[in-house]
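coords_25.cif, holding mmCIF, C-alpha atoms and all ligand atoms:
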```cif
data_upload
#
loop_
_atom_site.group_PDB
_atom_site.id
_atom_site.type_symbol
_atom_site.label_atom_id
_atom_site.label_comp_id
_atom_site.auth_asym_id
_atom_site.auth_seq_id
_atom_site.Cartn_x
_atom_site.Cartn_y
_atom_site.Cartn_z
ATOM 1 C CA MET P 233 16.158 -14.257 0.978
ATOM 2 C CA THR P 234 14.501 -11.279 2.620
ATOM 3 C CA LEU P 235 14.852 -11.127 6.346
ATOM 4 C CA CYS P 236 11.448 -11.164 7.999
ATOM 5 C CA LEU P 237 10.659 -9.775 11.407
ATOM 6 C CA SER P 238 7.638 -10.310 13.620
ATOM 7 C CA ARG P 239 6.659 -9.118 17.069
ATOM 8 C CA LEU P 240 4.819 -10.097 20.221
ATOM 9 C CA ALA P 241 2.964 -6.966 21.310
ATOM 10 C CA PRO P 242 1.240 -7.501 24.663
ATOM 11 C CA SER P 243 -0.429 -4.705 26.589
ATOM 12 C CA PRO P 244 0.599 -4.872 30.255
ATOM 13 C CA THR P 245 -2.938 -4.795 31.601
ATOM 14 C CA GLY P 246 -2.422 -7.746 33.927
ATOM 15 C CA ALA P 247 -4.900 -9.828 32.009
ATOM 16 C CA LEU P 248 -2.872 -12.126 29.743
ATOM 17 C CA HIS P 249 -5.138 -15.107 29.304
ATOM 18 C CA LEU P 250 -5.249 -18.390 27.441
ATOM 19 C CA GLY P 251 -6.335 -16.644 24.247
ATOM 20 C CA ASN P 252 -3.320 -14.330 24.301
ATOM 21 C CA ALA P 253 -1.071 -17.310 24.981
ATOM 22 C CA ARG P 254 -2.411 -19.142 21.943
ATOM 23 C CA THR P 255 -1.725 -16.183 19.660
ATOM 24 C CA PHE P 256 1.779 -15.731 21.075
ATOM 25 C CA LEU P 257 2.588 -19.387 20.685
ATOM 26 C CA ILE P 258 1.337 -19.434 17.095
ATOM 27 C CA ASN P 259 3.362 -16.298 16.366
ATOM 28 C CA TRP P 260 6.446 -17.889 17.890
ATOM 29 C CA ALA P 261 5.928 -21.170 16.000
ATOM 30 C CA LEU P 262 5.411 -19.357 12.683
ATOM 31 C CA ALA P 263 8.521 -17.276 13.315
ATOM 32 C CA HIS P 264 10.659 -20.351 13.983
ATOM 33 C CA GLN P 265 9.271 -22.364 11.101
ATOM 34 C CA ASN P 266 9.748 -19.534 8.615
ATOM 35 C CA GLU P 267 13.050 -18.251 10.010
ATOM 36 C CA TRP P 268 11.626 -14.884 10.947
ATOM 37 C CA ARG P 269 13.229 -12.924 13.740
ATOM 38 C CA LEU P 270 10.884 -12.221 16.643
ATOM 39 C CA ILE P 271 10.951 -9.306 19.078
ATOM 40 C CA LEU P 272 8.870 -8.192 22.052
ATOM 41 C CA ARG P 273 7.152 -4.819 22.286
ATOM 42 C CA ILE P 274 5.324 -3.688 25.390
ATOM 43 C CA GLU P 275 2.286 -1.623 24.360
ATOM 44 C CA ASP P 276 1.767 0.525 27.413
ATOM 45 C CA LEU P 277 0.197 3.723 26.097
ATOM 46 C CA ASP P 278 -3.348 2.737 26.968
ATOM 47 C CA GLY P 279 -3.073 4.725 30.230
ATOM 48 C CA PRO P 280 -6.058 3.746 32.345
ATOM 49 C CA ARG P 281 -5.785 0.021 31.608
ATOM 50 C CA ILE P 282 -2.067 -0.319 32.296
ATOM 51 C CA GLN P 283 -1.267 -1.943 35.635
ATOM 52 C CA PRO P 284 1.923 -1.463 37.597
ATOM 53 C CA GLY P 285 4.004 -4.624 37.609
ATOM 54 C CA ALA P 286 2.174 -6.124 34.639
ATOM 55 C CA GLN P 287 5.123 -5.623 32.306
ATOM 56 C CA ALA P 288 7.427 -7.792 34.411
ATOM 57 C CA GLN P 289 4.606 -10.301 34.676
ATOM 58 C CA VAL P 290 4.241 -10.544 30.884
ATOM 59 C CA ILE P 291 7.935 -11.289 30.563
ATOM 60 C CA GLU P 292 7.786 -13.877 33.338
ATOM 61 C CA ILE P 293 4.826 -15.611 31.712
ATOM 62 C CA LEU P 294 6.504 -15.761 28.302
ATOM 63 C CA ASN P 295 9.591 -17.304 29.943
ATOM 64 C CA TRP P 296 7.431 -19.708 31.881
ATOM 65 C CA LEU P 297 5.759 -20.891 28.672
ATOM 66 C CA GLY P 298 9.126 -21.207 26.910
ATOM 67 C CA ILE P 299 8.498 -18.463 24.326
ATOM 68 C CA ASP P 300 11.717 -16.627 23.551
ATOM 69 C CA TYR P 301 12.403 -13.484 21.537
ATOM 70 C CA GLU P 302 15.279 -11.195 20.667
ATOM 71 C CA GLU P 303 16.360 -8.331 22.895
ATOM 72 C CA PRO P 304 16.098 -5.397 23.273
ATOM 73 C CA VAL P 305 12.465 -5.084 24.309
ATOM 74 C CA LEU P 306 10.797 -1.905 23.093
ATOM 75 C CA VAL P 307 8.567 -0.186 25.649
ATOM 76 C CA GLN P 308 6.334 2.333 23.920
ATOM 77 C CA SER P 309 6.214 4.878 26.728
ATOM 78 C CA ALA P 310 10.031 5.127 26.888
ATOM 79 C CA ASP P 311 10.156 7.616 24.030
ATOM 80 C CA MET P 312 7.248 9.622 22.669
ATOM 81 C CA SER P 313 9.182 11.403 19.944
ATOM 82 C CA PRO P 314 8.542 8.837 17.151
ATOM 83 C CA TYR P 315 4.777 9.254 17.610
ATOM 84 C CA GLU P 316 5.037 13.034 17.761
ATOM 85 C CA ASP P 317 7.074 13.041 14.556
ATOM 86 C CA VAL P 318 4.517 10.925 12.740
ATOM 87 C CA ILE P 319 1.465 12.877 13.887
ATOM 88 C CA GLY P 320 3.367 15.947 12.640
ATOM 89 C CA GLU P 321 3.885 14.185 9.316
ATOM 90 C CA LEU P 322 0.178 13.327 9.043
ATOM 91 C CA SER P 323 -0.608 16.944 9.819
ATOM 92 C CA ALA P 324 1.809 18.142 7.112
ATOM 93 C CA ARG P 325 -0.039 15.846 4.701
ATOM 94 C CA ASP P 326 -3.409 17.358 5.718
ATOM 95 C CA ALA P 327 -4.610 13.960 6.822
ATOM 96 C CA ILE P 328 -5.841 14.743 10.349
ATOM 97 C CA PHE P 329 -7.913 17.307 12.215
ATOM 98 C CA ALA P 330 -8.475 18.311 15.833
ATOM 99 C CA CYS P 331 -11.826 17.343 17.269
ATOM 100 C CA GLN P 332 -13.283 18.400 20.589
ATOM 101 C CA LEU P 333 -16.792 17.068 20.061
ATOM 102 C CA SER P 334 -18.311 14.985 22.821
ATOM 103 C CA ARG P 335 -19.610 11.464 22.336
ATOM 104 C CA SER P 336 -23.204 12.635 22.405
ATOM 105 C CA GLU P 337 -22.536 15.346 19.816
ATOM 106 C CA ILE P 338 -21.025 12.726 17.526
ATOM 107 C CA GLN P 339 -23.907 10.368 18.229
ATOM 108 C CA GLN P 340 -26.495 12.965 17.319
ATOM 109 C CA ALA P 341 -24.883 13.523 13.927
ATOM 110 C CA ALA P 342 -24.408 9.824 13.219
ATOM 111 C CA SER P 343 -26.740 7.976 10.921
ATOM 112 C CA ALA P 344 -27.686 4.426 11.907
ATOM 113 C CA PRO P 345 -24.584 2.555 13.105
ATOM 114 C CA HIS P 346 -23.010 0.160 10.649
ATOM 115 C CA GLN P 347 -24.862 -3.129 10.832
ATOM 116 C CA ASP P 348 -21.941 -5.245 12.109
ATOM 117 C CA SER P 349 -20.684 -2.798 14.642
ATOM 118 C CA HIS P 350 -21.729 -1.116 17.832
ATOM 119 C CA GLU P 351 -19.138 1.556 17.329
ATOM 120 C CA LEU P 352 -19.934 5.175 17.086
ATOM 121 C CA ARG P 353 -19.429 6.435 13.549
ATOM 122 C CA PHE P 354 -17.888 9.850 13.060
ATOM 123 C CA SER P 355 -19.681 11.480 10.185
ATOM 124 C CA PRO P 356 -17.511 13.456 7.728
ATOM 125 C CA ASN P 357 -20.089 16.267 8.048
ATOM 126 C CA LEU P 358 -18.584 16.920 11.448
ATOM 127 C CA ARG P 359 -15.158 17.786 10.083
ATOM 128 C CA PRO P 360 -14.232 21.286 11.239
ATOM 129 C CA GLU P 361 -14.380 24.211 8.856
ATOM 130 C CA ASP P 362 -11.632 26.168 10.537
ATOM 131 C CA SER P 363 -8.371 25.411 8.727
ATOM 132 C CA ILE P 364 -6.411 25.814 11.957
ATOM 133 C CA ALA P 365 -7.916 22.522 13.187
ATOM 134 C CA TYR P 366 -6.011 20.737 10.429
ATOM 135 C CA SER P 367 -2.595 21.338 11.914
ATOM 136 C CA PHE P 368 -1.292 19.442 14.905
ATOM 137 C CA SER P 369 -0.837 22.224 17.421
ATOM 138 C CA HIS P 370 -2.569 21.022 20.590
ATOM 139 C CA PRO P 371 -1.296 17.642 21.805
ATOM 140 C CA ASP P 372 -3.958 17.787 24.541
ATOM 141 C CA GLN P 373 -6.774 17.453 22.005
ATOM 142 C CA ASN P 374 -8.107 14.481 20.072
ATOM 143 C CA TYR P 375 -7.041 14.269 16.442
ATOM 144 C CA ARG P 376 -8.856 12.158 13.872
ATOM 145 C CA LEU P 377 -7.734 10.709 10.568
ATOM 146 C CA MET P 378 -9.721 11.846 7.530
ATOM 147 C CA VAL P 379 -10.945 8.476 6.376
ATOM 148 C CA PRO P 380 -11.461 8.173 2.624
ATOM 149 C CA ASP P 381 -14.718 6.725 1.340
ATOM 150 C CA GLN P 382 -13.226 3.505 -0.013
ATOM 151 C CA GLU P 383 -13.154 -0.180 0.750
ATOM 152 C CA VAL P 384 -9.919 -1.553 2.197
ATOM 153 C CA THR P 385 -8.979 -5.050 1.048
ATOM 154 C CA PHE P 386 -5.992 -7.171 1.915
ATOM 155 C CA GLU P 387 -4.889 -10.776 1.692
ATOM 156 C CA ASP P 388 -4.369 -12.155 5.168
ATOM 157 C CA GLY P 389 -1.799 -14.944 5.544
ATOM 158 C CA PHE P 390 -4.322 -17.060 7.440
ATOM 159 C CA ALA P 391 -7.771 -15.471 7.157
ATOM 160 C CA GLY P 392 -7.643 -14.989 3.366
ATOM 161 C CA LEU P 393 -9.149 -12.048 1.505
ATOM 162 C CA ILE P 394 -10.442 -9.445 3.948
ATOM 163 C CA LYS P 395 -12.643 -6.483 3.075
ATOM 164 C CA HIS P 396 -13.603 -3.663 5.356
ATOM 165 C CA HIS P 397 -15.021 -0.216 4.859
ATOM 166 C CA PRO P 398 -13.709 1.975 7.689
ATOM 167 C CA HIS P 399 -15.497 5.022 6.294
ATOM 168 C CA GLN P 400 -18.839 3.280 6.764
ATOM 169 C CA GLU P 401 -17.854 1.388 9.905
ATOM 170 C CA VAL P 402 -16.320 4.143 12.058
ATOM 171 C CA GLY P 403 -15.732 7.172 9.883
ATOM 172 C CA ASP P 404 -12.903 9.475 10.930
ATOM 173 C CA PHE P 405 -11.269 7.672 13.850
ATOM 174 C CA VAL P 406 -9.044 9.009 16.616
ATOM 175 C CA VAL P 407 -5.302 8.703 16.035
ATOM 176 C CA TRP P 408 -4.117 11.003 18.806
ATOM 177 C CA THR P 409 -5.804 11.320 22.175
ATOM 178 C CA LYS P 410 -6.256 14.299 24.434
ATOM 179 C CA ARG P 411 -4.175 12.442 27.029
ATOM 180 C CA GLY P 412 -1.235 13.554 24.887
ATOM 181 C CA VAL P 413 -0.478 10.080 23.537
ATOM 182 C CA PRO P 414 -1.190 8.348 20.218
ATOM 183 C CA ALA P 415 -4.230 6.105 20.003
ATOM 184 C CA TYR P 416 -3.552 2.367 19.566
ATOM 185 C CA GLN P 417 -4.144 2.542 15.779
ATOM 186 C CA LEU P 418 -1.417 5.102 15.264
ATOM 187 C CA ALA P 419 1.069 3.797 17.841
ATOM 188 C CA VAL P 420 1.000 0.292 16.381
ATOM 189 C CA VAL P 421 1.625 1.563 12.845
ATOM 190 C CA VAL P 422 4.482 3.815 13.949
ATOM 191 C CA ASP P 423 6.120 0.981 15.852
ATOM 192 C CA ASP P 424 5.604 -1.735 13.275
ATOM 193 C CA ALA P 425 7.074 0.573 10.630
ATOM 194 C CA ARG P 426 10.036 1.902 12.605
ATOM 195 C CA GLN P 427 10.943 -1.567 13.837
ATOM 196 C CA GLY P 428 10.747 -2.943 10.298
ATOM 197 C CA ILE P 429 8.072 -5.515 11.133
ATOM 198 C CA THR P 430 7.239 -7.566 8.039
ATOM 199 C CA ASP P 431 4.724 -9.989 9.589
ATOM 200 C CA VAL P 432 2.033 -9.002 12.084
ATOM 201 C CA VAL P 433 0.398 -11.968 13.826
ATOM 202 C CA ARG P 434 -2.593 -11.395 16.103
ATOM 203 C CA ALA P 435 -6.168 -12.406 16.912
ATOM 204 C CA ASP P 436 -8.942 -11.773 14.420
ATOM 205 C CA ASP P 437 -10.868 -9.365 16.647
ATOM 206 C CA LEU P 438 -8.344 -6.852 15.300
ATOM 207 C CA LEU P 439 -9.322 -7.301 11.631
ATOM 208 C CA PRO P 440 -11.374 -4.078 11.532
ATOM 209 C CA SER P 441 -8.436 -2.292 13.168
ATOM 210 C CA THR P 442 -6.085 -3.621 10.520
ATOM 211 C CA ALA P 443 -8.153 -1.951 7.815
ATOM 212 C CA ARG P 444 -7.867 1.333 9.727
ATOM 213 C CA GLN P 445 -4.140 0.867 10.151
ATOM 214 C CA ILE P 446 -3.789 0.291 6.407
ATOM 215 C CA LEU P 447 -5.331 3.717 5.861
ATOM 216 C CA ILE P 448 -2.660 5.224 8.127
ATOM 217 C CA TYR P 449 0.088 3.425 6.188
ATOM 218 C CA GLN P 450 -1.427 4.756 2.981
ATOM 219 C CA ALA P 451 -1.728 8.306 4.322
ATOM 220 C CA LEU P 452 1.977 8.177 5.130
ATOM 221 C CA GLY P 453 3.001 6.389 1.932
ATOM 222 C CA TRP P 454 4.561 3.550 3.930
ATOM 223 C CA LYS P 455 4.940 -0.119 3.052
ATOM 224 C CA ILE P 456 2.199 -2.276 4.547
ATOM 225 C CA PRO P 457 3.314 -5.447 6.373
ATOM 226 C CA ARG P 458 1.788 -8.886 5.863
ATOM 227 C CA PHE P 459 -0.960 -9.761 8.349
ATOM 228 C CA TRP P 460 -1.931 -13.067 9.919
ATOM 229 C CA HIS P 461 -5.109 -13.058 12.005
ATOM 230 C CA PHE P 462 -6.131 -16.128 14.008
ATOM 231 C CA PRO P 463 -9.541 -16.871 15.548
ATOM 232 C CA LEU P 464 -10.204 -15.684 19.045
ATOM 233 C CA VAL P 465 -10.684 -17.932 22.026
ATOM 234 C CA CYS P 466 -14.210 -17.473 23.364
ATOM 235 C CA GLY P 467 -16.153 -18.636 26.381
ATOM 236 C CA PRO P 468 -19.001 -21.180 26.126
ATOM 237 C CA ASP P 469 -21.386 -18.266 25.422
ATOM 238 C CA GLY P 470 -19.481 -17.451 22.223
ATOM 239 C CA ARG P 471 -18.150 -14.157 23.561
ATOM 240 C CA ARG P 472 -14.442 -13.338 23.774
ATOM 241 C CA LEU P 473 -12.680 -14.635 26.876
ATOM 242 C CA ALA P 474 -13.153 -12.204 29.720
ATOM 243 C CA LYS P 475 -13.723 -12.060 33.449
ATOM 244 C CA ARG P 476 -17.282 -13.285 33.055
ATOM 245 C CA HIS P 477 -15.841 -16.690 32.098
ATOM 246 C CA GLY P 478 -13.979 -17.017 35.394
ATOM 247 C CA ASP P 479 -10.300 -16.454 35.910
ATOM 248 C CA THR P 480 -8.570 -17.554 32.692
ATOM 249 C CA ARG P 481 -5.433 -15.516 33.296
ATOM 250 C CA LEU P 482 -2.188 -17.390 32.895
ATOM 251 C CA THR P 483 -1.021 -16.145 36.300
ATOM 252 C CA PHE P 484 -4.068 -17.776 37.872
ATOM 253 C CA TYR P 485 -3.180 -21.174 36.423
ATOM 254 C CA ARG P 486 0.516 -20.789 37.153
ATOM 255 C CA ASP P 487 -0.170 -19.854 40.762
ATOM 256 C CA ALA P 488 -2.611 -22.733 41.113
ATOM 257 C CA GLY P 489 0.301 -25.043 40.250
ATOM 258 C CA VAL P 490 -0.652 -25.874 36.653
ATOM 259 C CA HIS P 491 2.446 -26.833 34.667
ATOM 260 C CA PRO P 492 3.146 -24.896 31.479
ATOM 261 C CA GLU P 493 3.084 -28.189 29.546
ATOM 262 C CA ARG P 494 -0.624 -28.492 30.379
ATOM 263 C CA ILE P 495 -1.330 -24.980 29.094
ATOM 264 C CA ILE P 496 0.639 -25.670 25.924
ATOM 265 C CA GLY P 497 -1.078 -29.034 25.526
ATOM 266 C CA LEU P 498 -4.452 -27.326 25.589
ATOM 267 C CA LEU P 499 -3.312 -24.643 23.145
ATOM 268 C CA ALA P 500 -1.987 -27.395 20.865
ATOM 269 C CA PHE P 501 -5.329 -29.200 21.059
ATOM 270 C CA TRP P 502 -7.038 -25.938 20.103
ATOM 271 C CA SER P 503 -4.620 -25.453 17.211
ATOM 272 C CA GLY P 504 -5.065 -28.821 15.523
ATOM 273 C CA ILE P 505 -1.645 -30.150 16.601
ATOM 274 C CA VAL P 506 -2.975 -33.032 18.740
ATOM 275 C CA GLU P 507 -6.327 -34.784 18.754
ATOM 276 C CA HIS P 508 -6.530 -35.127 22.521
ATOM 277 C CA ARG P 509 -5.334 -32.867 25.293
ATOM 278 C CA THR P 510 -1.873 -33.989 26.250
ATOM 279 C CA GLU P 511 1.085 -32.335 27.973
ATOM 280 C CA LEU P 512 3.513 -30.755 25.506
ATOM 281 C CA THR P 513 6.430 -28.347 25.556
ATOM 282 C CA ALA P 514 6.650 -25.149 23.527
ATOM 283 C CA ASN P 515 9.123 -26.952 21.249
ATOM 284 C CA ASP P 516 6.587 -29.759 20.661
ATOM 285 C CA PHE P 517 4.023 -27.109 19.727
ATOM 286 C CA ARG P 518 6.458 -25.436 17.359
ATOM 287 C CA ASN P 519 7.472 -28.683 15.681
ATOM 288 C CA GLY P 520 3.891 -29.886 15.279
ATOM 289 C CA PHE P 521 2.310 -26.622 14.184
ATOM 290 C CA GLN P 522 0.755 -26.644 10.704
ATOM 291 C CA LEU P 523 -1.169 -23.708 9.365
ATOM 292 C CA SER P 524 -3.451 -25.998 7.371
ATOM 293 C CA LYS P 525 -4.614 -27.752 10.558
ATOM 294 C CA VAL P 526 -5.671 -24.584 12.372
ATOM 295 C CA SER P 527 -9.431 -24.138 12.482
ATOM 296 C CA HIS P 528 -10.916 -21.003 10.975
ATOM 297 C CA HIS P 529 -13.606 -20.974 13.639
ATOM 298 C CA ALA P 530 -13.440 -19.376 17.050
ATOM 299 C CA ILE P 531 -12.162 -21.680 19.768
ATOM 300 C CA THR P 532 -14.434 -22.386 22.721
ATOM 301 C CA PHE P 533 -12.842 -22.642 26.120
ATOM 302 C CA THR P 534 -14.983 -25.250 27.864
ATOM 303 C CA GLN P 535 -15.419 -26.402 31.439
ATOM 304 C CA GLU P 536 -13.739 -29.641 30.340
ATOM 305 C CA ASP P 537 -10.668 -27.673 29.237
ATOM 306 C CA HIS P 538 -10.544 -25.955 32.615
ATOM 307 C CA GLN P 539 -10.931 -29.249 34.463
ATOM 308 C CA TRP P 540 -8.177 -30.825 32.432
ATOM 309 C CA LEU P 541 -5.825 -27.942 33.228
ATOM 310 C CA MET P 542 -6.573 -28.207 36.926
ATOM 311 C CA ALA P 543 -6.430 -32.005 37.120
ATOM 312 C CA GLU P 544 -2.814 -32.374 38.215
ATOM 313 C CA THR P 545 -1.625 -29.334 40.036
ATOM 314 C CA SER P 546 1.099 -28.761 42.556
ATOM 315 C CA PRO P 547 0.509 -25.335 44.087
ATOM 316 C CA ILE P 548 3.429 -22.969 44.140
ATOM 317 C CA SER P 549 4.355 -21.754 47.601
ATOM 318 C CA HIS P 550 4.798 -17.998 47.999
ATOM 319 C CA GLU P 551 7.188 -17.914 50.943
HETATM 320 N N1 LIG S 1 -1.301 -4.672 22.275
HETATM 321 C C1 LIG S 1 -2.406 -5.217 21.561
HETATM 322 C C2 LIG S 1 -3.185 -6.141 22.463
HETATM 323 O O1 LIG S 1 -2.640 -6.633 23.448
HETATM 324 C C3 LIG S 1 -1.968 -6.033 20.373
HETATM 325 C C4 LIG S 1 -1.816 -5.199 19.228
HETATM 326 C C5 LIG S 1 -1.315 -5.854 17.979
HETATM 327 O O2 LIG S 1 -0.911 -7.011 17.948
HETATM 328 O O3 LIG S 1 -1.295 -5.143 17.001
HETATM 329 O O4 LIG S 1 -4.341 -6.343 22.193
#
```
Could you rewrite the structure in this file as structure tokens?
Amino acid sequence: MTLCLSRLAPSPTGALHLGNARTFLINWALAHQNEWRLILRIEDLDGPRIQPGAQAQVIEILNWLGIDYEEPVLVQSADMSPYEDVIGELSARDAIFACQLSRSEIQQAASAPHQDSHELRFSPNLRPEDSIAYSFSHPDQNYRLMVPDQEVTFEDGFAGLIKHHPHQEVGDFVVWTKRGVPAYQLAVVVDDARQGITDVVRADDLLPSTARQILIYQALGWKIPRFWHFPLVCGPDGRRLAKRHGDTRLTFYRDAGVHPERIIGLLAFWSGIVEHRTELTANDFRNGFQLSKVSHHAITFTQEDHQWLMAETSPISHE
């Protein structure tokens, strides 16, 4: 039997909400049911969004929910050398180039944006002519991956056959930022590969990113993990959970005195485990979880859900 390994990969932005909790709980349940090992990785390279103290908070919240994982925890910012090595490797393979163009310069050169996306597409016509740009020599500049003109397809463990065309959707995307750190797309590939992750579980808003990450794996000649993408939790307006839907952060509910069993009960209701909202433990969720019962549609967080969570609270005192 091959030993499988999965990871929880929160970003410590202080905004872990019910949607993140659902994905973590599903990841944890899948790991237990399939005898995968599970580790925690703190993805803290997204400079401006990272909040002091949020890392400890993520760990507290996972404990509070009853989601466990193996130590040690990897914190991305602790060691930059793996990312530097890999950007060097991409450079040696002539797969990247330095780019100092501004957003408006890229916009001017772009044809109409891809129909499903509001992203700015980097046209291959903008690739530099100067060969020096193709070697990684200035970590304080943006570097982009040369994206081949091909469709990327993969079989997702939950979402089925997925097809994307990064060349048409975004074109050459940034893999290294002028802040001197890898972009999310590169960092996640480096970490998943060096940690030996076999199964990546996350929300389906990252499907287009997965196609981009596959191109990085291919550029490096690395083995691609198996992916499992689950529907996002959205607000009643159909948009992904965010501040506009009120405070849906787990810390808000915890501090309001909501018991974790209520949160898990709601997540179980959203995941086809129970037909009515009812208090459950993480172990109940794990034992009842069945992939075939999980809806393929986005989940809507309703006012009723919120009211149910808040119905029996005992506020925590902060003395
Ligand atoms: N750190 C990312 C996030 O919180 C998750 C990335 C991933 O699972 O690949 O959105």
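Nearest to ligand LIG 1 (chain S) of all the residues P:Gln382, P:Asn266, P:Thr442, P:Ser309 is P:Thr442, based on only C-alpha atoms and all ligand atoms.
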**OP:** Would you mind listing the residues within 6 Å of ligand LIG 1 (chain S), counting all atoms listed in the file, as a PyMOL selection string?
**Re:** chain P and resi 241-243+275+420+434
Could you tell me which residues the PyMOL selection byres (((chain P and resi 254) around 10) and not hetatm) grabs in this file, written as an mmCIF file with C-alpha atoms, keeping the file's coordinate frame?
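Below is the file that was written, expr-v1.cif:
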```cif
data_model
loop_
_atom_site.group_PDB
_atom_site.id
_atom_site.type_symbol
_atom_site.label_atom_id
_atom_site.label_comp_id
_atom_site.auth_asym_id
_atom_site.auth_seq_id
_atom_site.Cartn_x
_atom_site.Cartn_y
_atom_site.Cartn_z
ATOM 1 C CA HIS P 249 -5.138 -15.107 29.304
ATOM 2 C CA LEU P 250 -5.249 -18.390 27.441
ATOM 3 C CA GLY P 251 -6.335 -16.644 24.247
ATOM 4 C CA ASN P 252 -3.320 -14.330 24.301
ATOM 5 C CA ALA P 253 -1.071 -17.310 24.981
ATOM 6 C CA THR P 255 -1.725 -16.183 19.660
ATOM 7 C CA PHE P 256 1.779 -15.731 21.075
ATOM 8 C CA LEU P 257 2.588 -19.387 20.685
ATOM 9 C CA ILE P 258 1.337 -19.434 17.095
ATOM 10 C CA ASN P 259 3.362 -16.298 16.366
ATOM 11 C CA TRP P 260 6.446 -17.889 17.890
ATOM 12 C CA ARG P 434 -2.593 -11.395 16.103
ATOM 13 C CA ALA P 435 -6.168 -12.406 16.912
ATOM 14 C CA PHE P 462 -6.131 -16.128 14.008
ATOM 15 C CA PRO P 463 -9.541 -16.871 15.548
ATOM 16 C CA LEU P 464 -10.204 -15.684 19.045
ATOM 17 C CA VAL P 465 -10.684 -17.932 22.026
ATOM 18 C CA ILE P 495 -1.330 -24.980 29.094
ATOM 19 C CA ILE P 496 0.639 -25.670 25.924
ATOM 20 C CA LEU P 498 -4.452 -27.326 25.589
ATOM 21 C CA LEU P 499 -3.312 -24.643 23.145
ATOM 22 C CA ALA P 500 -1.987 -27.395 20.865
ATOM 23 C CA TRP P 502 -7.038 -25.938 20.103
ATOM 24 C CA SER P 503 -4.620 -25.453 17.211
#
```
**OP:** Could you check which of P:Phe501, P:Phe405, P:Tyr315, P:Phe368 is closest to Ala419 in chain P, using all atoms listed in the file?
**Re:** P:Tyr315
Original post:
Once the PyMOL selection byres (((chain P and resi 349-364) around 10) and not hetatm) has been applied to the shown file, what residues remain in the selection, as a VMD selection string?
Top reply: chain P and resid 326 328 to 333 335 to 348 365 to 369 376 378 to 381 398 to 406 440
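One finds CA of Gly389 in chain P at 18.4 Å from CA of Val421 in chain P.
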At a cut-off of 12 Å, can you tabulate as JSON lines every residue of range 274-321 of chain P near range 469-482 of chain P together with its closest atom pair and the distance in Å to one decimal, using all atoms listed in the file and ordering rows by chain then number?
```
{"residue": "P:Gln289", "atom": "CA", "partner": "P:Leu482", "partner_atom": "CA", "distance": 10.0}
{"residue": "P:Val290", "atom": "CA", "partner": "P:Leu482", "partner_atom": "CA", "distance": 9.6}
{"residue": "P:Glu292", "atom": "CA", "partner": "P:Leu482", "partner_atom": "CA", "distance": 10.6}
{"residue": "P:Ile293", "atom": "CA", "partner": "P:Leu482", "partner_atom": "CA", "distance": 7.3}
{"residue": "P:Leu294", "atom": "CA", "partner": "P:Leu482", "partner_atom": "CA", "distance": 10.0}
{"residue": "P:Trp296", "atom": "CA", "partner": "P:Leu482", "partner_atom": "CA", "distance": 9.9}
{"residue": "P:Leu297", "atom": "CA", "partner": "P:Leu482", "partner_atom": "CA", "distance": 9.7}
```
Subject >> Nearest to Asn515 in chain P by atom-to-atom distance, counting all atoms listed in the file, from P:Ile299, P:Ile429, P:Ile291, P:Leu541 >> reply: P:Ile299
Counting only C-alpha atoms, which residues have an atom no more than 8 Å from (11.3, -8.7, 15.3) in the file's coordinates? Please list them as an mmCIF file with C-alpha atoms, keeping the file's coordinate frame.
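Produced file result_14.cif, reproduced below:
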```cif
data_model
loop_
_atom_site.group_PDB
_atom_site.id
_atom_site.type_symbol
_atom_site.label_atom_id
_atom_site.label_comp_id
_atom_site.auth_asym_id
_atom_site.auth_seq_id
_atom_site.Cartn_x
_atom_site.Cartn_y
_atom_site.Cartn_z
ATOM 1 C CA CYS P 236 11.448 -11.164 7.999
ATOM 2 C CA LEU P 237 10.659 -9.775 11.407
ATOM 3 C CA SER P 238 7.638 -10.310 13.620
ATOM 4 C CA ARG P 239 6.659 -9.118 17.069
ATOM 5 C CA TRP P 268 11.626 -14.884 10.947
ATOM 6 C CA ARG P 269 13.229 -12.924 13.740
ATOM 7 C CA LEU P 270 10.884 -12.221 16.643
ATOM 8 C CA ILE P 271 10.951 -9.306 19.078
ATOM 9 C CA LEU P 272 8.870 -8.192 22.052
ATOM 10 C CA TYR P 301 12.403 -13.484 21.537
ATOM 11 C CA GLU P 302 15.279 -11.195 20.667
ATOM 12 C CA GLN P 427 10.943 -1.567 13.837
ATOM 13 C CA GLY P 428 10.747 -2.943 10.298
ATOM 14 C CA ILE P 429 8.072 -5.515 11.133
#
```
**OP:** Counting all atoms listed in the file, note down every residue that has an atom within 10 Å of the point (6.5, 6.7, 31.1) (file coordinates), as a ChimeraX atom specification.
**Re:** /P:276-277,279,307-312
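The interatomic distance for the pair CA of Pro468 in chain P and CA of Pro492 in chain P works out to 23.1 Å.
CA of Ala514 in chain P sits 7.6 Å away from CA of Glu493 in chain P.
The nearest approach to Leu452 in chain P among the residues P:Leu418, P:His396, P:Glu544, P:Phe386, with all atoms listed in the file taken into account, belongs to P:Leu418.
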